[in-house]
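A.B. asks: One structure follows; several queries about it will come next.
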Amino acid sequence: MDGKVLVTGCAGFIGSHLVERLLEEDHHVIGIDNMRTGNHSNMVSFSSHPGFRFIEVDVCDPDLKSKLSSDIDLVFHLAAISSVTASIEDPILVNRNNVTGIVNVLDIARALDVSRVVFSSSAAVYGNPEKMPIVEETPLNPLSPYAASKIAGEEYMKAFHETYGIETTILRYFNVYGPRQAYSEYSGVISIFINHAIRGEPITVEGDGKQTRSFVYVTDMAKATVLAGKTPQANGEVINMSGLDLIRILDVANKINQAASSKGSKIIHVDPRIGDVRHSIGSMEKAQSVLGFTPEMPFETGLEHTINWYRSHMQ
Ligand code: UD1
C-alpha cells in the first residue's frame with residue numbers, strides 16, 4: 001500500500017477500531033463519516049494523530065470525490081445502517097445509505113484509480129441456511145431489507161471488479177461486539193444486554209432465546225479487515241468473519257446478568273423479531289487459508305473488557 005487509505009464510517013464502532021489498527025501500522029488514513037450514528041468520542045484516541053484526516057461527509061454525497069485527495073490506494077467501506085430492525089422500519093433510508101452509498105464509493109474508487117476496495121458485508125445475506133457452519137458458497141436468502149441491501153452491495157462489488165478491474169474483497173461479518181458499540185434499540189444484543197444489566201433494568205430476550213449467534217471481538221475484526229486489504233490472494237474473494245463458537249441468546253443474557261448486574265436484572269421474554277435469523281455461525285476455514293486469520297479473543301474475556309468499558313463510559 002503506497003498511497004492513503006480511505007475508511008468510510010470511521011467514527012463508527014468497527015470503523016474506529018479499524019482506523020486505530022491502520023495508524024498503528026503507519027498508514028495514512030482519511031476517514032469519512034456523516035455522524036448519523038458515528039460519534040466523535042469513538043475517534044478520541046486518534047483524531048489528532050498526524051497520519052489521520054477526518055472529513056464529515058455522507059457516502060452518498062455527489063461531491064464526495066472532490067472532497068477527497070487523489071492518492072488513495074485502498075478503500076475500506078464500512079459506512080452503513082447496520083440494523084435489521086432499522087431496515088424493517090425504513091427500507092428506503094437503508095437502501096439509500098447501504099446501496100447508493102456503495103455505488104458512489106465504487107465509482108469514486110474507479111475515478112481515483114484505487115487498487116482495492118474492501119466491503120464490510122454481513123452474515124445476514126445467508127438468511128436461515130440448514131447447514132452450519134455456513135460456508136461462503138451457501139446460496140443467499142435475504143430475510144430483511146437490510147440483508148437485501150448487503151447483497152446488492154456485494155453484487156455492485158462484483159460488477160465493478162468485472163467491468164473496471166478494481167480489486168475487490170467482500171467480508172461477511174457475523175456478530176461483532178466490544179467497546180464503542182453504540183447503545184440504542186437498534187444496536188447489537190450484547191450492547192443492549194450489558195447496558196440494561198448495569199442499570200438493573202430488565203433484559204429483554206426476543207423469542208425463546210434458543211436462537212444462536214457466533215460473536216467476534218471488534219479488535220479481531222479490525223485485524224482481519226486490514227489483512228483483507230493487504231493480502232494479494234484476497235482479491236475477488238468473499239470471506240466469512242465469524243466467531244468460533246455458537247452461543248444461545250438466553251445464555252448470553254444469563255452470563256451478562258451475572259457479570260454486569262449488581263442486583264441481578266429480570267430476564268423477560270417478548271415476541272421474536274420479524275426477519276430474525278435462527279442460527280448463525282460461519283466457517284472460518286477460508287479466512288484461515290486466504291488471510292491466515294483466526295479470531296483470538298475468548299468470549300468470556302471479550303465480554304469482561306466490554307462490560308468494563310461500558311461501566312467507565314456510561315453517564
Ligand atoms: C447483527 C448485526 C448486523 C450484522 C449481523 C451479522 C447489529 C445491530 N446487527 O444482526 O449488523 O450484519 O449481526 O450476522 O449489530 N435480541 C434480543 N434482545 C435484544 C436485542 C436482540 O433477544 O434486546 C436478539 C435478536 O432477536 C436476535 C439476536 O439477539 O435473535 C441478535 O440480534 P442483534 O444483535 O440485533 O444482531 P443480528 O440481527 O444478528
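Residues are referred to by chain and number: the chain letter is A, B, ... according to the order shown in the C-alpha cells, the number counts from 1 in that chain, and ligands are numbered separately from 1 in the order shown.
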Once DSSP has gone over the backbone, tell me which residues of stretch 83-224 of chain A are in strand (DSSP E or B), as JSON, numbers by chain.

C.D. replies: {"A": [116, 117, 118, 119, 120, 121, 122, 134, 167, 168, 169, 170, 171, 172, 173, 175, 176, 177, 203, 204, 205, 206, 212, 213, 215, 216, 217]}

A.B. asks: Hey, what's within 6 Å of A:Gly127 if we count only C-alpha atoms and toss same-chain stuff fewer than 5 positions away? As a VMD selection string, please?

C.D. replies: chain A and resid 141 to 143

A.B. asks: Using only C-alpha atoms, which protein or nucleic acid residues come within 12 Å of A:His28? Drop anything in the same chain fewer than 5 positions from it, and give the result as a list in words.

C.D. replies: Met1, Asp2, Gly3, Lys4, Val5, Leu6, Val7, Val19, Glu20, Arg21, Leu22, Leu23, Phe46, His49, Pro50, Gly51, Phe52, Arg53, Phe54, Ser69, Asp71, Ile72, Asp73, Leu74 and Val75 of chain A

A.B. asks: I need the residues in stretch 61-307 of chain A that are alpha helix (DSSP H) according to DSSP; give them as an mmCIF file with N, CA, C and O atoms, in the first residue's frame.

C.D. replies:
data_model
loop_
_atom_site.group_PDB
_atom_site.id
_atom_site.type_symbol
_atom_site.label_atom_id
_atom_site.label_comp_id
_atom_site.auth_asym_id
_atom_site.auth_seq_id
_atom_site.Cartn_x
_atom_site.Cartn_y
_atom_site.Cartn_z
ATOM 1 N N LEU A 64 -18.576 13.976 -3.132
ATOM 2 C CA LEU A 64 -17.604 13.299 -2.269
ATOM 3 C C LEU A 64 -16.201 13.250 -2.894
ATOM 4 O O LEU A 64 -15.212 13.511 -2.222
ATOM 5 N N LYS A 65 -16.154 12.971 -4.192
ATOM 6 C CA LYS A 65 -14.835 12.804 -4.836
ATOM 7 C C LYS A 65 -13.973 14.057 -4.697
ATOM 8 O O LYS A 65 -12.791 13.980 -4.388
ATOM 9 N N SER A 66 -14.606 15.225 -4.890
ATOM 10 C CA SER A 66 -13.827 16.463 -4.850
ATOM 11 C C SER A 66 -13.338 16.770 -3.433
ATOM 12 O O SER A 66 -12.419 17.562 -3.241
ATOM 13 N N LYS A 67 -13.940 16.125 -2.430
ATOM 14 C CA LYS A 67 -13.518 16.372 -1.048
ATOM 15 C C LYS A 67 -12.372 15.459 -0.616
ATOM 16 O O LYS A 67 -11.817 15.604 0.467
ATOM 17 N N VAL A 84 -30.964 -4.605 11.366
ATOM 18 C CA VAL A 84 -32.100 -5.292 10.729
ATOM 19 C C VAL A 84 -33.389 -4.554 11.096
ATOM 20 O O VAL A 84 -34.234 -4.270 10.231
ATOM 21 N N THR A 85 -33.543 -4.206 12.371
ATOM 22 C CA THR A 85 -34.755 -3.525 12.841
ATOM 23 C C THR A 85 -34.955 -2.200 12.102
ATOM 24 O O THR A 85 -36.063 -1.892 11.634
ATOM 25 N N ALA A 86 -33.889 -1.415 11.978
ATOM 26 C CA ALA A 86 -33.999 -0.119 11.285
ATOM 27 C C ALA A 86 -34.435 -0.336 9.836
ATOM 28 O O ALA A 86 -35.216 0.453 9.290
ATOM 29 N N SER A 87 -33.962 -1.424 9.232
ATOM 30 C CA SER A 87 -34.300 -1.662 7.819
ATOM 31 C C SER A 87 -35.763 -2.060 7.652
ATOM 32 O O SER A 87 -36.358 -1.813 6.611
ATOM 33 N N ILE A 88 -36.313 -2.691 8.673
ATOM 34 C CA ILE A 88 -37.732 -3.082 8.602
ATOM 35 C C ILE A 88 -38.604 -1.834 8.770
ATOM 36 O O ILE A 88 -39.616 -1.670 8.107
ATOM 37 N N GLU A 89 -38.142 -0.914 9.598
ATOM 38 C CA GLU A 89 -38.898 0.334 9.798
ATOM 39 C C GLU A 89 -38.777 1.272 8.605
ATOM 40 O O GLU A 89 -39.727 1.948 8.243
ATOM 41 N N PRO A 91 -37.044 0.891 4.992
ATOM 42 C CA PRO A 91 -36.212 0.255 3.953
ATOM 43 C C PRO A 91 -35.652 1.236 2.930
ATOM 44 O O PRO A 91 -34.562 1.024 2.386
ATOM 45 N N ILE A 92 -36.361 2.342 2.689
ATOM 46 C CA ILE A 92 -35.894 3.320 1.687
ATOM 47 C C ILE A 92 -34.612 3.991 2.189
ATOM 48 O O ILE A 92 -33.637 4.146 1.453
ATOM 49 N N LEU A 93 -34.620 4.372 3.471
ATOM 50 C CA LEU A 93 -33.432 5.019 4.046
ATOM 51 C C LEU A 93 -32.238 4.062 4.033
ATOM 52 O O LEU A 93 -31.109 4.458 3.694
ATOM 53 N N VAL A 94 -32.494 2.805 4.370
ATOM 54 C CA VAL A 94 -31.409 1.821 4.401
ATOM 55 C C VAL A 94 -30.888 1.563 2.988
ATOM 56 O O VAL A 94 -29.685 1.436 2.762
ATOM 57 N N ASN A 95 -31.789 1.537 2.010
ATOM 58 C CA ASN A 95 -31.350 1.373 0.619
ATOM 59 C C ASN A 95 -30.457 2.535 0.198
ATOM 60 O O ASN A 95 -29.408 2.349 -0.426
ATOM 61 N N GLY A 101 -24.885 4.349 -1.346
ATOM 62 C CA GLY A 101 -23.576 4.636 -0.731
ATOM 63 C C GLY A 101 -22.457 3.837 -1.371
ATOM 64 O O GLY A 101 -21.427 4.387 -1.761
ATOM 65 N N ILE A 102 -22.649 2.541 -1.542
ATOM 66 C CA ILE A 102 -21.540 1.728 -2.079
ATOM 67 C C ILE A 102 -21.316 2.026 -3.562
ATOM 68 O O ILE A 102 -20.183 2.045 -4.037
ATOM 69 N N VAL A 103 -22.393 2.327 -4.299
ATOM 70 C CA VAL A 103 -22.201 2.645 -5.723
ATOM 71 C C VAL A 103 -21.378 3.928 -5.846
ATOM 72 O O VAL A 103 -20.450 4.029 -6.658
ATOM 73 N N ASN A 104 -21.687 4.900 -5.000
ATOM 74 C CA ASN A 104 -20.936 6.165 -5.022
ATOM 75 C C ASN A 104 -19.457 5.925 -4.683
ATOM 76 O O ASN A 104 -18.558 6.438 -5.360
ATOM 77 N N VAL A 105 -19.225 5.114 -3.658
ATOM 78 C CA VAL A 105 -17.841 4.832 -3.235
ATOM 79 C C VAL A 105 -17.086 4.069 -4.328
ATOM 80 O O VAL A 105 -15.933 4.390 -4.649
ATOM 81 N N LEU A 106 -17.743 3.088 -4.936
ATOM 82 C CA LEU A 106 -17.076 2.323 -6.007
ATOM 83 C C LEU A 106 -16.786 3.207 -7.215
ATOM 84 O O LEU A 106 -15.737 3.090 -7.854
ATOM 85 N N ASP A 107 -17.708 4.104 -7.509
ATOM 86 C CA ASP A 107 -17.493 4.979 -8.670
ATOM 87 C C ASP A 107 -16.308 5.926 -8.426
ATOM 88 O O ASP A 107 -15.518 6.198 -9.327
ATOM 89 N N ILE A 108 -16.179 6.390 -7.174
ATOM 90 C CA ILE A 108 -15.034 7.240 -6.826
ATOM 91 C C ILE A 108 -13.744 6.411 -6.876
ATOM 92 O O ILE A 108 -12.713 6.868 -7.384
ATOM 93 N N ALA A 109 -13.817 5.168 -6.404
ATOM 94 C CA ALA A 109 -12.643 4.281 -6.442
ATOM 95 C C ALA A 109 -12.181 4.104 -7.888
ATOM 96 O O ALA A 109 -10.982 4.125 -8.188
ATOM 97 N N ARG A 110 -13.141 3.962 -8.792
ATOM 98 C CA ARG A 110 -12.811 3.816 -10.217
ATOM 99 C C ARG A 110 -12.153 5.093 -10.741
ATOM 100 O O ARG A 110 -11.097 5.058 -11.369
ATOM 101 N N ALA A 111 -12.755 6.242 -10.421
ATOM 102 C CA ALA A 111 -12.240 7.515 -10.929
ATOM 103 C C ALA A 111 -10.853 7.820 -10.368
ATOM 104 O O ALA A 111 -10.018 8.416 -11.050
ATOM 105 N N PRO A 145 -34.895 -6.241 4.624
ATOM 106 C CA PRO A 145 -34.357 -5.249 3.678
ATOM 107 C C PRO A 145 -32.862 -5.007 3.918
ATOM 108 O O PRO A 145 -32.100 -4.760 2.980
ATOM 109 N N TYR A 146 -32.434 -5.105 5.179
ATOM 110 C CA TYR A 146 -31.003 -4.937 5.484
ATOM 111 C C TYR A 146 -30.170 -5.978 4.729
ATOM 112 O O TYR A 146 -29.167 -5.648 4.081
ATOM 113 N N ALA A 147 -30.598 -7.244 4.807
ATOM 114 C CA ALA A 147 -29.864 -8.318 4.114
ATOM 115 C C ALA A 147 -29.859 -8.062 2.609
ATOM 116 O O ALA A 147 -28.827 -8.237 1.945
ATOM 117 N N ALA A 148 -31.012 -7.614 2.084
ATOM 118 C CA ALA A 148 -31.092 -7.326 0.642
ATOM 119 C C ALA A 148 -30.116 -6.218 0.267
ATOM 120 O O ALA A 148 -29.454 -6.268 -0.784
ATOM 121 N N SER A 149 -29.986 -5.220 1.129
ATOM 122 C CA SER A 149 -29.083 -4.095 0.816
ATOM 123 C C SER A 149 -27.626 -4.560 0.794
ATOM 124 O O SER A 149 -26.822 -4.073 -0.008
ATOM 125 N N LYS A 150 -27.285 -5.509 1.652
ATOM 126 C CA LYS A 150 -25.903 -6.008 1.668
ATOM 127 C C LYS A 150 -25.644 -6.890 0.439
ATOM 128 O O LYS A 150 -24.543 -6.859 -0.128
ATOM 129 N N ILE A 151 -26.648 -7.663 0.014
ATOM 130 C CA ILE A 151 -26.481 -8.479 -1.200
ATOM 131 C C ILE A 151 -26.296 -7.551 -2.406
ATOM 132 O O ILE A 151 -25.433 -7.777 -3.256
ATOM 133 N N ALA A 152 -27.108 -6.477 -2.454
ATOM 134 C CA ALA A 152 -26.952 -5.512 -3.561
ATOM 135 C C ALA A 152 -25.541 -4.936 -3.566
ATOM 136 O O ALA A 152 -24.893 -4.822 -4.618
ATOM 137 N N GLY A 153 -25.030 -4.595 -2.391
ATOM 138 C CA GLY A 153 -23.661 -4.062 -2.286
ATOM 139 C C GLY A 153 -22.643 -5.063 -2.814
ATOM 140 O O GLY A 153 -21.721 -4.704 -3.551
ATOM 141 N N GLU A 154 -22.815 -6.325 -2.449
ATOM 142 C CA GLU A 154 -21.887 -7.371 -2.922
ATOM 143 C C GLU A 154 -21.942 -7.477 -4.451
ATOM 144 O O GLU A 154 -20.909 -7.649 -5.106
ATOM 145 N N GLU A 155 -23.152 -7.393 -5.008
ATOM 146 C CA GLU A 155 -23.286 -7.519 -6.472
ATOM 147 C C GLU A 155 -22.593 -6.344 -7.171
ATOM 148 O O GLU A 155 -21.966 -6.504 -8.216
ATOM 149 N N TYR A 156 -22.724 -5.148 -6.598
ATOM 150 C CA TYR A 156 -22.012 -3.994 -7.187
ATOM 151 C C TYR A 156 -20.497 -4.173 -7.101
ATOM 152 O O TYR A 156 -19.769 -3.796 -8.019
ATOM 153 N N MET A 157 -20.035 -4.765 -5.993
ATOM 154 C CA MET A 157 -18.591 -5.031 -5.885
ATOM 155 C C MET A 157 -18.150 -5.939 -7.032
ATOM 156 O O MET A 157 -17.153 -5.680 -7.702
ATOM 157 N N LYS A 158 -18.923 -7.012 -7.258
ATOM 158 C CA LYS A 158 -18.562 -7.961 -8.322
ATOM 159 C C LYS A 158 -18.613 -7.270 -9.680
ATOM 160 O O LYS A 158 -17.745 -7.473 -10.534
ATOM 161 N N ALA A 159 -19.645 -6.446 -9.889
ATOM 162 C CA ALA A 159 -19.793 -5.766 -11.185
ATOM 163 C C ALA A 159 -18.631 -4.806 -11.444
ATOM 164 O O ALA A 159 -18.106 -4.732 -12.563
ATOM 165 N N PHE A 160 -18.191 -4.079 -10.433
ATOM 166 C CA PHE A 160 -17.069 -3.141 -10.622
ATOM 167 C C PHE A 160 -15.746 -3.902 -10.804
ATOM 168 O O PHE A 160 -14.860 -3.447 -11.518
ATOM 169 N N HIS A 161 -15.646 -5.053 -10.169
ATOM 170 C CA HIS A 161 -14.464 -5.902 -10.350
ATOM 171 C C HIS A 161 -14.394 -6.359 -11.813
ATOM 172 O O HIS A 161 -13.360 -6.239 -12.475
ATOM 173 N N GLU A 162 -15.540 -6.843 -12.324
ATOM 174 C CA GLU A 162 -15.575 -7.359 -13.701
ATOM 175 C C GLU A 162 -15.425 -6.234 -14.728
ATOM 176 O O GLU A 162 -14.699 -6.353 -15.703
ATOM 177 N N THR A 163 -16.142 -5.132 -14.498
ATOM 178 C CA THR A 163 -16.212 -4.085 -15.516
ATOM 179 C C THR A 163 -14.949 -3.230 -15.562
ATOM 180 O O THR A 163 -14.464 -2.878 -16.633
ATOM 181 N N TYR A 164 -14.451 -2.877 -14.378
ATOM 182 C CA TYR A 164 -13.352 -1.899 -14.336
ATOM 183 C C TYR A 164 -12.043 -2.490 -13.819
ATOM 184 O O TYR A 164 -11.044 -1.773 -13.707
ATOM 185 N N VAL A 189 -27.068 -6.965 20.318
ATOM 186 C CA VAL A 189 -27.669 -7.543 21.522
ATOM 187 C C VAL A 189 -26.743 -7.426 22.740
ATOM 188 O O VAL A 189 -27.212 -7.176 23.859
ATOM 189 N N ILE A 190 -25.446 -7.576 22.552
ATOM 190 C CA ILE A 190 -24.536 -7.537 23.712
ATOM 191 C C ILE A 190 -24.519 -6.147 24.334
ATOM 192 O O ILE A 190 -24.585 -5.988 25.550
ATOM 193 N N SER A 191 -24.480 -5.127 23.480
ATOM 194 C CA SER A 191 -24.512 -3.755 23.993
ATOM 195 C C SER A 191 -25.814 -3.496 24.763
ATOM 196 O O SER A 191 -25.806 -2.913 25.859
ATOM 197 N N ILE A 192 -26.921 -3.955 24.214
ATOM 198 C CA ILE A 192 -28.223 -3.725 24.869
ATOM 199 C C ILE A 192 -28.280 -4.467 26.211
ATOM 200 O O ILE A 192 -28.611 -3.877 27.252
ATOM 201 N N PHE A 193 -27.900 -5.740 26.205
ATOM 202 C CA PHE A 193 -27.978 -6.523 27.449
ATOM 203 C C PHE A 193 -27.062 -5.935 28.530
ATOM 204 O O PHE A 193 -27.448 -5.825 29.696
ATOM 205 N N ILE A 194 -25.834 -5.558 28.164
ATOM 206 C CA ILE A 194 -24.909 -5.020 29.182
ATOM 207 C C ILE A 194 -25.460 -3.726 29.770
ATOM 208 O O ILE A 194 -25.464 -3.522 30.990
ATOM 209 N N ASN A 195 -25.938 -2.852 28.900
ATOM 210 C CA ASN A 195 -26.448 -1.566 29.395
ATOM 211 C C ASN A 195 -27.644 -1.767 30.322
ATOM 212 O O ASN A 195 -27.760 -1.082 31.338
ATOM 213 N N HIS A 196 -28.525 -2.706 29.990
ATOM 214 C CA HIS A 196 -29.674 -2.963 30.867
ATOM 215 C C HIS A 196 -29.210 -3.580 32.190
ATOM 216 O O HIS A 196 -29.692 -3.207 33.254
ATOM 217 N N ALA A 197 -28.242 -4.516 32.100
ATOM 218 C CA ALA A 197 -27.774 -5.188 33.325
ATOM 219 C C ALA A 197 -27.112 -4.185 34.265
ATOM 220 O O ALA A 197 -27.385 -4.178 35.470
ATOM 221 N N ILE A 198 -26.283 -3.318 33.725
ATOM 222 C CA ILE A 198 -25.594 -2.344 34.592
ATOM 223 C C ILE A 198 -26.614 -1.424 35.268
ATOM 224 O O ILE A 198 -26.490 -1.089 36.439
ATOM 225 N N ARG A 199 -27.663 -1.067 34.520
ATOM 226 C CA ARG A 199 -28.684 -0.174 35.098
ATOM 227 C C ARG A 199 -29.688 -0.911 35.995
ATOM 228 O O ARG A 199 -30.584 -0.298 36.556
ATOM 229 N N VAL A 218 -14.257 -6.990 18.496
ATOM 230 C CA VAL A 218 -14.039 -5.961 17.478
ATOM 231 C C VAL A 218 -12.570 -5.791 17.064
ATOM 232 O O VAL A 218 -12.283 -5.508 15.895
ATOM 233 N N THR A 219 -11.624 -5.992 17.989
ATOM 234 C CA THR A 219 -10.225 -5.806 17.567
ATOM 235 C C THR A 219 -9.760 -6.971 16.688
ATOM 236 O O THR A 219 -8.913 -6.797 15.805
ATOM 237 N N ASP A 220 -10.328 -8.166 16.907
ATOM 238 C CA ASP A 220 -10.067 -9.276 15.988
ATOM 239 C C ASP A 220 -10.576 -8.911 14.598
ATOM 240 O O ASP A 220 -9.934 -9.173 13.578
ATOM 241 N N MET A 221 -11.763 -8.314 14.573
ATOM 242 C CA MET A 221 -12.379 -7.945 13.295
ATOM 243 C C MET A 221 -11.543 -6.896 12.561
ATOM 244 O O MET A 221 -11.379 -6.954 11.339
ATOM 245 N N ALA A 222 -11.004 -5.931 13.322
ATOM 246 C CA ALA A 222 -10.177 -4.886 12.700
ATOM 247 C C ALA A 222 -8.917 -5.509 12.103
ATOM 248 O O ALA A 222 -8.517 -5.181 10.975
ATOM 249 N N LYS A 223 -8.315 -6.443 12.827
ATOM 250 C CA LYS A 223 -7.103 -7.102 12.332
ATOM 251 C C LYS A 223 -7.399 -7.851 11.029
ATOM 252 O O LYS A 223 -6.658 -7.741 10.037
ATOM 253 N N ALA A 224 -8.491 -8.605 11.003
ATOM 254 C CA ALA A 224 -8.854 -9.386 9.812
ATOM 255 C C ALA A 224 -9.159 -8.472 8.628
ATOM 256 O O ALA A 224 -8.809 -8.772 7.482
ATOM 257 N N THR A 225 -9.776 -7.347 8.913
ATOM 258 C CA THR A 225 -10.169 -6.434 7.837
ATOM 259 C C THR A 225 -8.928 -5.814 7.192
ATOM 260 O O THR A 225 -8.843 -5.694 5.961
ATOM 261 N N VAL A 226 -7.938 -5.448 8.008
ATOM 262 C CA VAL A 226 -6.679 -4.927 7.449
ATOM 263 C C VAL A 226 -6.019 -6.003 6.580
ATOM 264 O O VAL A 226 -5.548 -5.728 5.465
ATOM 265 N N LEU A 227 -6.013 -7.232 7.067
ATOM 266 C CA LEU A 227 -5.418 -8.331 6.271
ATOM 267 C C LEU A 227 -6.124 -8.474 4.920
ATOM 268 O O LEU A 227 -5.481 -8.742 3.899
ATOM 269 N N ALA A 228 -7.436 -8.280 4.908
ATOM 270 C CA ALA A 228 -8.193 -8.394 3.654
ATOM 271 C C ALA A 228 -7.762 -7.320 2.646
ATOM 272 O O ALA A 228 -7.822 -7.530 1.438
ATOM 273 N N GLY A 229 -7.331 -6.172 3.160
ATOM 274 C CA GLY A 229 -6.867 -5.106 2.267
ATOM 275 C C GLY A 229 -5.462 -5.339 1.734
ATOM 276 O O GLY A 229 -5.087 -4.803 0.693
ATOM 277 N N LYS A 230 -4.684 -6.151 2.438
ATOM 278 C CA LYS A 230 -3.259 -6.297 2.111
ATOM 279 C C LYS A 230 -2.905 -7.596 1.412
ATOM 280 O O LYS A 230 -1.833 -7.711 0.844
ATOM 281 N N ILE A 249 -28.751 -16.994 22.730
ATOM 282 C CA ILE A 249 -29.003 -15.623 23.216
ATOM 283 C C ILE A 249 -29.407 -15.634 24.699
ATOM 284 O O ILE A 249 -28.989 -14.770 25.476
ATOM 285 N N LEU A 250 -30.162 -16.658 25.112
ATOM 286 C CA LEU A 250 -30.544 -16.739 26.527
ATOM 287 C C LEU A 250 -29.309 -16.951 27.415
ATOM 288 O O LEU A 250 -29.220 -16.391 28.515
ATOM 289 N N ASP A 251 -28.347 -17.718 26.929
ATOM 290 C CA ASP A 251 -27.101 -17.912 27.701
ATOM 291 C C ASP A 251 -26.295 -16.613 27.772
ATOM 292 O O ASP A 251 -25.666 -16.310 28.790
ATOM 293 N N VAL A 252 -26.335 -15.849 26.673
ATOM 294 C CA VAL A 252 -25.657 -14.539 26.677
ATOM 295 C C VAL A 252 -26.306 -13.655 27.750
ATOM 296 O O VAL A 252 -25.614 -13.001 28.547
ATOM 297 N N ALA A 253 -27.640 -13.680 27.803
ATOM 298 C CA ALA A 253 -28.361 -12.863 28.791
ATOM 299 C C ALA A 253 -27.948 -13.265 30.210
ATOM 300 O O ALA A 253 -27.660 -12.406 31.056
ATOM 301 N N ASN A 254 -27.886 -14.548 30.468
ATOM 302 C CA ASN A 254 -27.524 -15.018 31.817
ATOM 303 C C ASN A 254 -26.093 -14.662 32.189
ATOM 304 O O ASN A 254 -25.826 -14.190 33.295
ATOM 305 N N LYS A 255 -25.172 -14.881 31.252
ATOM 306 C CA LYS A 255 -23.759 -14.548 31.508
ATOM 307 C C LYS A 255 -23.610 -13.058 31.833
ATOM 308 O O LYS A 255 -22.927 -12.680 32.772
ATOM 309 N N ILE A 256 -24.264 -12.217 31.017
ATOM 310 C CA ILE A 256 -24.128 -10.767 31.206
ATOM 311 C C ILE A 256 -24.804 -10.361 32.507
ATOM 312 O O ILE A 256 -24.283 -9.527 33.257
ATOM 313 N N ASN A 257 -25.913 -10.967 32.812
ATOM 314 C CA ASN A 257 -26.611 -10.651 34.055
ATOM 315 C C ASN A 257 -25.720 -10.954 35.254
ATOM 316 O O ASN A 257 -25.626 -10.157 36.193
ATOM 317 N N GLN A 258 -25.029 -12.083 35.199
ATOM 318 C CA GLN A 258 -24.131 -12.456 36.312
ATOM 319 C C GLN A 258 -22.938 -11.519 36.413
ATOM 320 O O GLN A 258 -22.532 -11.122 37.490
ATOM 321 N N ALA A 259 -22.380 -11.178 35.247
ATOM 322 C CA ALA A 259 -21.110 -10.442 35.257
ATOM 323 C C ALA A 259 -21.302 -8.937 35.412
ATOM 324 O O ALA A 259 -20.418 -8.253 35.924
ATOM 325 N N ALA A 260 -22.435 -8.403 34.967
ATOM 326 C CA ALA A 260 -22.553 -6.940 34.892
ATOM 327 C C ALA A 260 -23.553 -6.341 35.869
ATOM 328 O O ALA A 260 -23.492 -5.154 36.163
ATOM 329 N N GLU A 285 -12.736 -21.453 7.751
ATOM 330 C CA GLU A 285 -11.647 -22.127 7.011
ATOM 331 C C GLU A 285 -11.037 -21.231 5.946
ATOM 332 O O GLU A 285 -9.832 -21.189 5.762
ATOM 333 N N LYS A 286 -11.917 -20.506 5.234
ATOM 334 C CA LYS A 286 -11.392 -19.661 4.150
ATOM 335 C C LYS A 286 -10.604 -18.468 4.718
ATOM 336 O O LYS A 286 -9.554 -18.110 4.181
ATOM 337 N N PHE A 299 -14.459 -15.488 24.305
ATOM 338 C CA PHE A 299 -15.708 -14.743 24.525
ATOM 339 C C PHE A 299 -15.810 -14.170 25.940
ATOM 340 O O PHE A 299 -16.163 -13.005 26.120
ATOM 341 N N GLU A 300 -15.444 -14.989 26.943
ATOM 342 C CA GLU A 300 -15.577 -14.508 28.332
ATOM 343 C C GLU A 300 -14.687 -13.279 28.585
ATOM 344 O O GLU A 300 -15.103 -12.325 29.252
ATOM 345 N N THR A 301 -13.469 -13.312 28.044
ATOM 346 C CA THR A 301 -12.545 -12.188 28.245
ATOM 347 C C THR A 301 -13.042 -10.951 27.501
ATOM 348 O O THR A 301 -13.017 -9.837 28.037
ATOM 349 N N GLY A 302 -13.499 -11.159 26.267
ATOM 350 C CA GLY A 302 -14.011 -10.045 25.479
ATOM 351 C C GLY A 302 -15.211 -9.399 26.157
ATOM 352 O O GLY A 302 -15.361 -8.171 26.184
ATOM 353 N N LEU A 303 -16.049 -10.259 26.744
ATOM 354 C CA LEU A 303 -17.237 -9.755 27.448
ATOM 355 C C LEU A 303 -16.819 -8.906 28.651
ATOM 356 O O LEU A 303 -17.369 -7.833 28.905
ATOM 357 N N GLU A 304 -15.802 -9.387 29.369
ATOM 358 C CA GLU A 304 -15.310 -8.665 30.545
ATOM 359 C C GLU A 304 -14.782 -7.272 30.135
ATOM 360 O O GLU A 304 -15.126 -6.261 30.752
ATOM 361 N N HIS A 305 -13.958 -7.235 29.058
ATOM 362 C CA HIS A 305 -13.441 -5.938 28.581
ATOM 363 C C HIS A 305 -14.605 -5.010 28.209
ATOM 364 O O HIS A 305 -14.579 -3.810 28.467
ATOM 365 N N THR A 306 -15.603 -5.597 27.563
ATOM 366 C CA THR A 306 -16.721 -4.790 27.064
ATOM 367 C C THR A 306 -17.548 -4.231 28.229
ATOM 368 O O THR A 306 -17.902 -3.048 28.246
ATOM 369 N N ILE A 307 -17.797 -5.074 29.225
ATOM 370 C CA ILE A 307 -18.555 -4.625 30.408
ATOM 371 C C ILE A 307 -17.783 -3.497 31.111
ATOM 372 O O ILE A 307 -18.353 -2.458 31.459
#

A.B. asks: Please check which protein, DNA or RNA residues sit within 8 Å of ligand 1, counting only C-alpha atoms and all ligand atoms, and write them as a ChimeraX atom specification.

C.D. replies: /A:81-85,121-124,147,172-177,185-190,192-193,203-207,209,211-213,249-250,269,272-273,276-278,280

A.B. asks: Quick one: of A:Ile30, A:Leu140, A:Leu244, A:Val114, who's nearest to A:Met297, counting only C-alpha atoms?

C.D. replies: A:Leu244
